[in-house]
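Shown next: target-v3.cif, containing mmCIF, C-alpha atoms.
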```
data_structure
loop_
_atom_site.label_atom_id
_atom_site.label_comp_id
_atom_site.auth_asym_id
_atom_site.auth_seq_id
_atom_site.Cartn_x
_atom_site.Cartn_y
_atom_site.Cartn_z
CA MET A 1 74.73 137.88 -88.83
CA LYS A 2 77.88 135.89 -89.46
CA ASN A 3 78.20 132.33 -88.26
CA ILE A 4 79.89 132.83 -84.92
CA ASP A 5 81.15 129.25 -84.90
CA ASN A 6 83.29 130.03 -87.98
CA GLY A 7 86.68 130.84 -86.47
CA ASN A 8 85.35 130.70 -82.91
CA GLN A 9 86.03 127.10 -82.03
CA ILE A 10 87.64 125.61 -78.93
CA PHE A 11 90.51 123.34 -79.88
CA PRO A 12 90.59 119.77 -78.50
CA GLN A 13 93.71 120.44 -76.41
CA THR A 14 91.73 122.98 -74.41
CA ARG A 15 89.03 120.46 -73.57
CA TRP A 16 91.62 117.81 -72.74
CA LEU A 17 93.26 120.19 -70.28
CA ALA A 18 89.90 121.03 -68.68
CA ALA A 19 89.09 117.32 -68.32
CA LEU A 20 92.52 116.70 -66.78
CA VAL A 21 92.29 119.55 -64.25
CA ILE A 22 88.73 119.00 -63.00
CA PRO A 23 89.43 115.80 -60.97
CA PHE A 24 92.28 117.55 -59.11
CA LEU A 25 89.98 120.45 -58.27
CA VAL A 26 87.14 118.19 -57.13
CA VAL A 27 89.35 116.25 -54.71
CA ALA A 28 90.94 119.45 -53.38
CA PHE A 29 87.53 121.07 -52.91
CA ILE A 30 86.23 118.08 -50.93
CA ILE A 31 89.27 118.04 -48.67
CA LEU A 32 89.47 121.78 -48.07
CA PHE A 33 85.82 122.76 -47.90
CA ILE A 34 84.24 119.63 -46.39
CA PHE A 35 87.12 118.55 -44.14
CA PRO A 36 89.06 121.77 -43.43
CA GLU A 37 90.20 120.56 -40.01
CA LYS A 38 91.92 117.49 -41.49
CA THR A 39 94.33 119.15 -43.88
CA GLU A 40 97.34 117.82 -41.93
CA GLN A 41 96.25 114.26 -42.75
CA LEU A 42 94.69 114.81 -46.18
CA PHE A 43 96.28 117.79 -47.92
CA ALA A 44 99.66 118.96 -49.19
CA TRP A 45 100.27 120.99 -46.03
CA LYS A 46 98.56 121.76 -42.75
CA ILE A 47 96.30 124.79 -43.18
CA GLN A 48 95.03 126.67 -40.14
CA PRO A 49 92.56 128.07 -39.34
CA SER A 50 89.70 126.41 -41.20
CA MET A 51 88.71 129.65 -42.97
CA SER A 52 91.94 129.65 -44.98
CA ALA A 53 91.34 126.08 -46.12
CA MET A 54 87.70 126.71 -46.98
CA MET A 55 88.49 129.87 -48.91
CA LEU A 56 91.00 128.00 -51.07
CA GLY A 57 88.40 125.26 -51.50
CA SER A 58 85.91 127.89 -52.66
CA ALA A 59 88.37 129.05 -55.32
CA TYR A 60 88.65 125.45 -56.52
CA ALA A 61 84.86 125.20 -56.70
CA GLY A 62 84.83 128.22 -58.99
CA GLY A 63 87.50 126.51 -61.07
CA ILE A 64 85.38 123.37 -61.36
CA TYR A 65 82.47 125.47 -62.61
CA PHE A 66 84.67 127.27 -65.12
CA PHE A 67 86.44 124.22 -66.57
CA ALA A 68 83.16 122.29 -66.74
CA SER A 69 81.84 125.20 -68.81
CA VAL A 70 84.90 124.93 -71.05
CA LEU A 71 83.97 121.30 -71.73
CA LYS A 72 80.39 122.28 -72.61
CA SER A 73 81.00 125.50 -74.52
CA LYS A 74 81.24 125.51 -78.30
CA GLN A 75 82.61 129.04 -78.66
CA TRP A 76 86.05 130.20 -77.52
CA HIS A 77 85.02 133.78 -76.80
CA LYS A 78 82.65 132.63 -74.03
CA VAL A 79 85.49 131.20 -71.93
CA LYS A 80 88.56 133.12 -73.11
CA VAL A 81 88.63 135.59 -70.20
CA GLY A 82 89.23 132.85 -67.64
CA PHE A 83 92.52 131.47 -68.93
CA LEU A 84 94.97 134.25 -68.11
CA PRO A 85 93.57 134.66 -64.56
CA VAL A 86 93.96 130.90 -64.03
CA THR A 87 97.52 131.12 -65.40
CA ALA A 88 98.35 133.87 -62.89
CA PHE A 89 96.69 131.97 -60.02
CA ALA A 90 98.59 128.76 -60.78
CA SER A 91 101.87 130.60 -61.33
CA LEU A 92 101.67 132.38 -57.98
CA LEU A 93 100.85 129.15 -56.17
CA GLY A 94 103.83 127.48 -57.84
CA ILE A 95 106.10 130.33 -56.70
CA ALA A 96 104.62 130.20 -53.18
CA THR A 97 105.37 126.47 -53.07
CA ILE A 98 109.03 127.11 -53.84
CA LEU A 99 109.28 129.97 -51.34
CA HIS A 100 107.72 127.90 -48.54
CA TRP A 101 108.98 124.46 -49.53
CA ASP A 102 109.61 123.45 -45.91
CA ARG A 103 105.96 123.97 -44.95
CA PHE A 104 104.71 121.14 -47.15
CA THR A 105 104.21 117.47 -46.28
CA HIS A 106 106.75 115.94 -48.62
CA GLY A 107 105.97 112.47 -49.91
CA HIS A 108 102.23 112.78 -49.28
CA ILE A 109 100.10 111.98 -52.33
CA SER A 110 98.42 115.38 -52.04
CA PHE A 111 101.82 117.11 -52.14
CA ILE A 112 102.79 115.12 -55.23
CA ALA A 113 99.50 116.12 -56.89
CA TRP A 114 99.95 119.76 -55.77
CA THR A 115 103.46 120.07 -57.20
CA ALA A 116 102.50 118.22 -60.39
CA LEU A 117 99.61 120.62 -60.89
CA TYR A 118 101.28 123.93 -60.05
CA PHE A 119 104.61 123.22 -61.72
CA THR A 120 102.87 122.37 -65.01
CA ALA A 121 99.47 124.15 -65.06
CA PRO A 122 100.82 127.69 -65.62
CA PHE A 123 102.53 126.55 -68.82
CA LEU A 124 99.68 124.31 -70.02
CA VAL A 125 96.93 126.86 -69.39
CA PHE A 126 98.95 129.62 -71.04
CA PHE A 127 99.67 127.33 -74.00
CA VAL A 128 95.99 126.60 -74.67
CA TRP A 129 95.23 130.32 -74.37
CA LEU A 130 97.88 131.03 -77.00
CA ARG A 131 96.55 128.19 -79.14
CA ASN A 132 92.98 129.52 -79.06
CA ARG A 133 93.44 133.29 -78.80
CA GLY A 134 93.07 133.92 -82.52
CA GLN A 135 89.75 132.10 -82.67
CA ASP A 136 87.58 134.94 -81.40
CA ASN A 137 86.06 136.58 -84.47
CA GLY A 138 84.51 139.42 -82.46
CA GLU A 139 80.95 138.41 -83.21
CA PRO A 140 78.27 138.44 -80.47
CA ASP A 141 76.33 135.34 -79.50
CA PRO A 142 72.97 135.62 -81.34
CA HIS A 143 71.25 133.41 -78.77
CA PHE A 144 71.99 135.55 -75.71
CA ASP A 145 74.13 138.66 -75.93
CA VAL A 146 73.97 142.39 -75.27
CA VAL A 147 76.52 145.19 -75.27
CA LEU A 148 77.89 145.89 -71.82
CA ALA A 149 77.43 149.50 -70.74
CA THR A 150 80.59 151.59 -70.67
CA SER A 151 79.96 152.39 -67.00
CA ALA A 152 79.81 148.67 -66.15
CA ARG A 153 83.06 148.01 -67.98
CA TRP A 154 84.79 150.93 -66.26
CA LEU A 155 83.58 149.60 -62.91
CA MET A 156 84.89 146.12 -63.72
CA GLY A 157 88.21 147.54 -64.85
CA THR A 158 88.61 149.72 -61.77
CA PHE A 159 87.73 146.80 -59.50
CA GLY A 160 90.25 144.63 -61.34
CA ALA A 161 93.05 147.20 -61.09
CA VAL A 162 92.49 147.84 -57.36
CA THR A 163 92.21 144.13 -56.59
CA LEU A 164 95.39 143.42 -58.56
CA VAL A 165 97.33 145.91 -56.44
CA PHE A 166 95.88 144.24 -53.34
CA SER A 167 96.88 140.81 -54.68
CA ILE A 168 100.44 141.91 -55.40
CA TYR A 169 100.76 143.44 -51.95
CA LEU A 170 99.52 140.23 -50.30
CA PHE A 171 102.03 138.18 -52.23
CA THR A 172 105.06 140.46 -51.87
CA GLN A 173 104.42 141.86 -48.37
CA PRO A 174 102.78 138.97 -46.49
CA THR A 175 104.09 139.93 -43.04
CA ILE A 176 102.44 143.36 -43.26
CA MET A 177 99.14 141.97 -44.51
CA ILE A 178 99.08 139.35 -41.73
CA THR A 179 98.69 142.15 -39.18
CA LEU A 180 95.70 143.59 -41.05
CA TRP A 181 93.88 140.41 -42.04
CA PRO A 182 90.51 139.40 -40.51
CA TRP A 183 91.78 135.98 -39.43
CA THR A 184 95.18 134.46 -38.66
CA LEU A 185 97.48 133.98 -41.65
CA THR A 186 100.97 132.61 -42.11
CA PRO A 187 103.34 133.92 -44.80
CA LEU A 188 102.35 130.94 -46.96
CA THR A 189 98.59 131.39 -46.59
CA ALA A 190 98.99 135.15 -47.13
CA ARG A 191 100.63 134.41 -50.48
CA VAL A 192 97.91 131.88 -51.26
CA MET A 193 95.36 134.65 -50.61
CA GLY A 194 97.33 136.86 -52.98
CA ALA A 195 97.07 134.19 -55.67
CA MET A 196 93.32 133.90 -55.10
CA PHE A 197 92.77 137.66 -55.38
CA ALA A 198 94.72 137.69 -58.64
CA LEU A 199 91.89 135.68 -60.21
CA PRO A 200 89.04 138.21 -59.84
CA ALA A 201 91.48 141.06 -60.50
CA LEU A 202 92.41 139.78 -63.95
CA VAL A 203 88.83 138.69 -64.62
CA GLY A 204 87.68 142.27 -64.04
CA LEU A 205 90.34 143.65 -66.38
CA GLY A 206 89.52 141.03 -69.01
CA ILE A 207 85.80 141.82 -68.95
CA ALA A 208 86.52 145.55 -69.18
CA ALA A 209 88.44 144.95 -72.41
CA ASP A 210 85.41 143.54 -74.29
CA THR A 211 81.92 144.89 -74.94
CA ARG A 212 80.06 141.56 -75.20
CA TRP A 213 78.09 140.13 -72.31
CA SER A 214 78.69 136.61 -73.64
CA VAL A 215 82.38 137.08 -72.86
CA ALA A 216 81.64 137.89 -69.22
CA ASN A 217 78.73 135.57 -68.49
CA ILE A 218 80.43 132.24 -67.70
CA ILE A 219 83.41 133.63 -65.79
CA LEU A 220 81.13 135.83 -63.66
CA GLN A 221 78.96 132.82 -62.86
CA SER A 222 82.11 131.00 -61.79
CA GLN A 223 83.25 133.91 -59.63
CA GLY A 224 79.78 134.32 -58.13
CA PHE A 225 79.68 130.64 -57.18
CA SER A 226 83.07 130.94 -55.52
CA ILE A 227 82.06 134.08 -53.61
CA PHE A 228 78.86 132.42 -52.41
CA LEU A 229 80.89 129.52 -50.97
CA ILE A 230 83.31 131.95 -49.30
CA LEU A 231 80.34 133.59 -47.58
CA VAL A 232 79.16 130.15 -46.47
CA ALA A 233 82.66 129.51 -45.12
CA ILE A 234 82.59 132.80 -43.19
CA THR A 235 79.33 131.75 -41.56
CA ILE A 236 80.71 128.34 -40.60
CA THR A 237 84.09 129.60 -39.37
CA ARG A 238 82.97 132.93 -37.89
CA GLN A 239 84.88 132.09 -34.70
CA ASN A 240 88.11 132.38 -36.74
CA PHE A 241 87.44 136.09 -37.31
CA ASP A 242 88.37 139.02 -35.11
CA TRP A 243 85.08 140.89 -35.35
CA SER A 244 86.53 143.82 -33.44
CA ASN A 245 88.79 144.34 -36.45
CA PRO A 246 87.06 146.51 -39.10
CA SER A 247 88.70 144.41 -41.81
CA SER A 248 86.46 141.48 -40.83
CA TRP A 249 83.37 143.52 -41.68
CA LEU A 250 84.95 145.06 -44.78
CA PHE A 251 85.87 141.62 -46.05
CA THR A 252 82.44 140.10 -45.40
CA LEU A 253 80.36 143.03 -46.59
CA GLY A 254 82.64 143.55 -49.58
CA LEU A 255 82.15 139.96 -50.73
CA GLY A 256 78.42 140.24 -50.13
CA GLY A 257 78.33 143.40 -52.21
CA MET A 258 80.28 141.72 -55.00
CA LEU A 259 77.89 138.76 -55.11
CA PHE A 260 74.88 141.07 -55.08
CA SER A 261 76.40 143.13 -57.92
CA ILE A 262 77.01 140.02 -60.05
CA ILE A 263 73.44 138.81 -59.53
CA LEU A 264 72.03 142.29 -60.20
CA LEU A 265 74.06 142.59 -63.40
CA MET A 266 72.87 139.19 -64.62
CA VAL A 267 69.23 140.04 -63.94
CA THR A 268 69.63 143.44 -65.63
CA ILE A 269 71.21 141.86 -68.70
CA ARG A 270 68.43 139.28 -68.92
CA ILE A 271 65.76 142.01 -68.75
CA GLN A 272 67.63 144.09 -71.34
CA PHE A 273 67.96 141.12 -73.71
CA THR A 274 64.28 140.24 -73.32
CA LYS A 275 63.21 143.81 -74.15
CA GLN A 276 65.45 143.88 -77.23
CA HIS A 277 64.01 140.64 -78.59
CA LYS A 278 60.30 141.05 -77.97
#
```

Show me the file's structure as structure tokens.
Amino acid sequence: MKNIDNGNQIFPQTRWLAALVIPFLVVAFIILFIFPEKTEQLFAWKIQPSMSAMMLGSAYAGGIYFFASVLKSKQWHKVKVGFLPVTAFASLLGIATILHWDRFTHGHISFIAWTALYFTAPFLVFFVWLRNRGQDNGEPDPHFDVVLATSARWLMGTFGAVTLVFSIYLFTQPTIMITLWPWTLTPLTARVMGAMFALPALVGLGIAADTRWSVANIILQSQGFSIFLILVAITITRQNFDWSNPSSWLFTLGLGGMLFSIILLMVTIRIQFTKQHK
């Protein structure tokens, strides 16, 4: 087995970026998930209802998990799949900010932080991806790795493609999606939802493009953590939902199914790895 650390390093700029981004995400998570009813006073713009704020906060929690893993990881291939989805997420939020500039609380410290983050992060995250992309030598992790089944990769890819179409539709046709959504959206929050769905969409496509479990492991943990918090948010803000609308049940059960699938896949991989190394 080749030394997987040879040509599989994470450059310092990547860790510096992760360390820079994490504090922004922590503060945003606390505001949006813990104090969702106080966004008018604490955040870059007033978000209503609470479910929209908490869902965005859940995405930030997943980002905290991912970038903390970037700081800890020693191998680029373990975190590489997350960078293009984050680039797309940040880019769409930057565009949404420009399109809905009048909705924001100008001069507020949170607005300054928001614009500083989303007008620079797409370029910085894409830059570190470009800087590191040649570092993956294609070798598996000898400590914990298996080959992902073709069926699992096809499923991930199909999920990613379908979710990407959904994301694009949310972002480009917000007024139509508002009428179908489980809770009340504005054009701005519809586009924010589109940005959030772009993350798992590109994650699914990225995982489908590689056969190694070690490539998928960290980003799926991050996504699973985010989905878990979204389900917690649904429980807390269930009064925000129109439960007579089938989309409320599709949204909730769909997320529950996704979380169950991630957990099941992780358990299956662990069992498979244990059998291979007895």

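Among the candidates A:Ser52, A:Ser110, A:Ser214, A:Thr175, the one nearest to Ala28 of chain A when counting only C-alpha atoms is A:Ser110.
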
Expected selection from the PyMOL selection byres ((chain A and resi 210-213) around 12), given as a compact mmCIF listing (two decimals) with C-alpha atoms, in the frame of the given file:
```txt
# COMPACT_ATOMS: atom_id res chain seq x y z
CA HIS A 77 85.02 133.78 -76.80
CA LYS A 78 82.65 132.63 -74.03
CA VAL A 79 85.49 131.20 -71.93
CA LYS A 80 88.56 133.12 -73.11
CA VAL A 81 88.63 135.59 -70.20
CA ASP A 136 87.58 134.94 -81.40
CA GLY A 138 84.51 139.42 -82.46
CA GLU A 139 80.95 138.41 -83.21
CA PRO A 140 78.27 138.44 -80.47
CA ASP A 141 76.33 135.34 -79.50
CA PRO A 142 72.97 135.62 -81.34
CA HIS A 143 71.25 133.41 -78.77
CA PHE A 144 71.99 135.55 -75.71
CA ASP A 145 74.13 138.66 -75.93
CA VAL A 146 73.97 142.39 -75.27
CA VAL A 147 76.52 145.19 -75.27
CA LEU A 148 77.89 145.89 -71.82
CA ALA A 149 77.43 149.50 -70.74
CA THR A 150 80.59 151.59 -70.67
CA SER A 151 79.96 152.39 -67.00
CA ALA A 152 79.81 148.67 -66.15
CA ARG A 153 83.06 148.01 -67.98
CA TRP A 154 84.79 150.93 -66.26
CA MET A 156 84.89 146.12 -63.72
CA GLY A 157 88.21 147.54 -64.85
CA VAL A 203 88.83 138.69 -64.62
CA GLY A 204 87.68 142.27 -64.04
CA LEU A 205 90.34 143.65 -66.38
CA GLY A 206 89.52 141.03 -69.01
CA ILE A 207 85.80 141.82 -68.95
CA ALA A 208 86.52 145.55 -69.18
CA ALA A 209 88.44 144.95 -72.41
CA SER A 214 78.69 136.61 -73.64
CA VAL A 215 82.38 137.08 -72.86
CA ALA A 216 81.64 137.89 -69.22
CA ASN A 217 78.73 135.57 -68.49
CA ILE A 218 80.43 132.24 -67.70
CA ILE A 219 83.41 133.63 -65.79
CA LEU A 220 81.13 135.83 -63.66
CA GLN A 221 78.96 132.82 -62.86
CA LEU A 265 74.06 142.59 -63.40
CA MET A 266 72.87 139.19 -64.62
CA THR A 268 69.63 143.44 -65.63
CA ILE A 269 71.21 141.86 -68.70
CA ARG A 270 68.43 139.28 -68.92
CA GLN A 272 67.63 144.09 -71.34
CA PHE A 273 67.96 141.12 -73.71
```

Selection: 9 Å around segment 231-247 of chain A, only C-alpha atoms, excl. self and same-chain fewer than 4 positions, as a list in words: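 Skipping anything fewer than 4 positions along the chain leaves Phe33, Pro49, Ser50, Met51, Met54, Met55, Ser58, Leu180, Trp181, Pro182, Trp183, Thr184, Ser226, Ile227, Phe251, Thr252, Leu255 and Gly256 of chain A.
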
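Of note, atom CA of Thr39 of chain A and atom CA of Leu188 of chain A are spaced 14.6 Å apart.
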
Tell me, counting only C-alpha atoms, for each residue of segment 113-216 of chain A within 9 Å of segment 8-14 of chain A, which pair of atoms is nearest and how far apart they are in Å to one decimal, in rows ordered by chain and increasing number, as CSV.
```
residue,atom,partner,partner_atom,distance
A:Val125,CA,A:Thr14,CA,8.2
A:Val128,CA,A:Thr14,CA,5.6
A:Trp129,CA,A:Thr14,CA,8.1
A:Arg131,CA,A:Phe11,CA,7.8
A:Asn132,CA,A:Ile10,CA,6.6
A:Gly134,CA,A:Asn8,CA,8.4
A:Gln135,CA,A:Asn8,CA,4.6
A:Asp136,CA,A:Asn8,CA,5.0
A:Asn137,CA,A:Asn8,CA,6.1
A:Gly138,CA,A:Asn8,CA,8.8
A:Glu139,CA,A:Asn8,CA,8.9
```

For atom CA of Leu56 of chain A and atom CA of Leu259 of chain A, the interatomic separation in Å (one decimal):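 Separation of atom CA of Leu56 of chain A and atom CA of Leu259 of chain A: 17.4 Å.
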
Point-to-point distance in Å for atom CA of Leu71 of chain A and atom CA of Pro36 of chain A: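 Distance between the two atoms: 28.8 Å.
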
Ref. answer, residues at most 12 Å from (90.5, 115.4, -63.8) with all atoms listed in the file, as a list of chain:residue names: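 Residues lying no farther than 12 Å from the given point: A:Arg15, A:Trp16, A:Leu17, A:Ala18, A:Ala19, A:Leu20, A:Val21, A:Ile22, A:Pro23, A:Phe24, A:Leu25, A:Val26, A:Val27, A:Ala28, A:Gly63, A:Ile64, A:Phe67, A:Ala68, A:Leu71, A:Ala113, A:Leu117.
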
With the file shown as input, list the residues that the PyMOL selection byres ((chain A and resi 114) around 10) selects, as a PDB file with C-alpha atoms, in the coordinates of the input.
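Ended up saving to out-v5.pdb:
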```pdb
ATOM      1  CA  PHE A  24      92.280 117.550 -59.110  1.00  0.00           C
ATOM      2  CA  ALA A  28      90.940 119.450 -53.380  1.00  0.00           C
ATOM      3  CA  PHE A  43      96.280 117.790 -47.920  1.00  0.00           C
ATOM      4  CA  ALA A  44      99.660 118.960 -49.190  1.00  0.00           C
ATOM      5  CA  TRP A  45     100.270 120.990 -46.030  1.00  0.00           C
ATOM      6  CA  LEU A  93     100.850 129.150 -56.170  1.00  0.00           C
ATOM      7  CA  GLY A  94     103.830 127.480 -57.840  1.00  0.00           C
ATOM      8  CA  THR A  97     105.370 126.470 -53.070  1.00  0.00           C
ATOM      9  CA  PHE A 104     104.710 121.140 -47.150  1.00  0.00           C
ATOM     10  CA  HIS A 108     102.230 112.780 -49.280  1.00  0.00           C
ATOM     11  CA  ILE A 109     100.100 111.980 -52.330  1.00  0.00           C
ATOM     12  CA  SER A 110      98.420 115.380 -52.040  1.00  0.00           C
ATOM     13  CA  PHE A 111     101.820 117.110 -52.140  1.00  0.00           C
ATOM     14  CA  ILE A 112     102.790 115.120 -55.230  1.00  0.00           C
ATOM     15  CA  ALA A 113      99.500 116.120 -56.890  1.00  0.00           C
ATOM     16  CA  THR A 115     103.460 120.070 -57.200  1.00  0.00           C
ATOM     17  CA  ALA A 116     102.500 118.220 -60.390  1.00  0.00           C
ATOM     18  CA  LEU A 117      99.610 120.620 -60.890  1.00  0.00           C
ATOM     19  CA  TYR A 118     101.280 123.930 -60.050  1.00  0.00           C
ATOM     20  CA  PHE A 119     104.610 123.220 -61.720  1.00  0.00           C
TER      21      PHE A 119
END
```

Glu37 of chain A surroundings by all atoms listed in the file, 9 Å radius, close-in-sequence under 4 positions cut, as a list in words: Leu32, Lys46, Ile47, Gln48, Pro49, Ser50 and Ala53 of chain A

Contacts of Val192 of chain A at 9 Å (only C-alpha atoms; same-chain gap of 2+ positions) as number ranges by chain: A: 52, 56, 89, 92-93, 96, 170-171, 187-190, 194-197

Distance criterion (only C-alpha atoms): nearest to Leu155 of chain A out of A:Leu185, A:Met258, A:Val70, A:Ile178: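 Smallest distance to Leu155 of chain A is found for A:Met258.
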
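Every residue that the PyMOL selection byres ((chain A and resi 163-167) around 6) selects in this file is listed here: A:Phe159, A:Gly160, A:Ala161, A:Val162, A:Ile168, A:Tyr169, A:Leu170, A:Gly194, A:Phe197, A:Ala198, A:Ala201.
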
Once you have the residues from the selection above, write them out as a short mmCIF file (atom, residue, chain, number, x, y, z; two decimals), in the coordinates of the input, restricted to C-alpha atoms.
```cif
data_model
loop_
_atom_site.label_atom_id
_atom_site.label_comp_id
_atom_site.auth_asym_id
_atom_site.auth_seq_id
_atom_site.Cartn_x
_atom_site.Cartn_y
_atom_site.Cartn_z
CA PHE A 159 87.73 146.80 -59.50
CA GLY A 160 90.25 144.63 -61.34
CA ALA A 161 93.05 147.20 -61.09
CA VAL A 162 92.49 147.84 -57.36
CA ILE A 168 100.44 141.91 -55.40
CA TYR A 169 100.76 143.44 -51.95
CA LEU A 170 99.52 140.23 -50.30
CA GLY A 194 97.33 136.86 -52.98
CA PHE A 197 92.77 137.66 -55.38
CA ALA A 198 94.72 137.69 -58.64
CA ALA A 201 91.48 141.06 -60.50
#
```
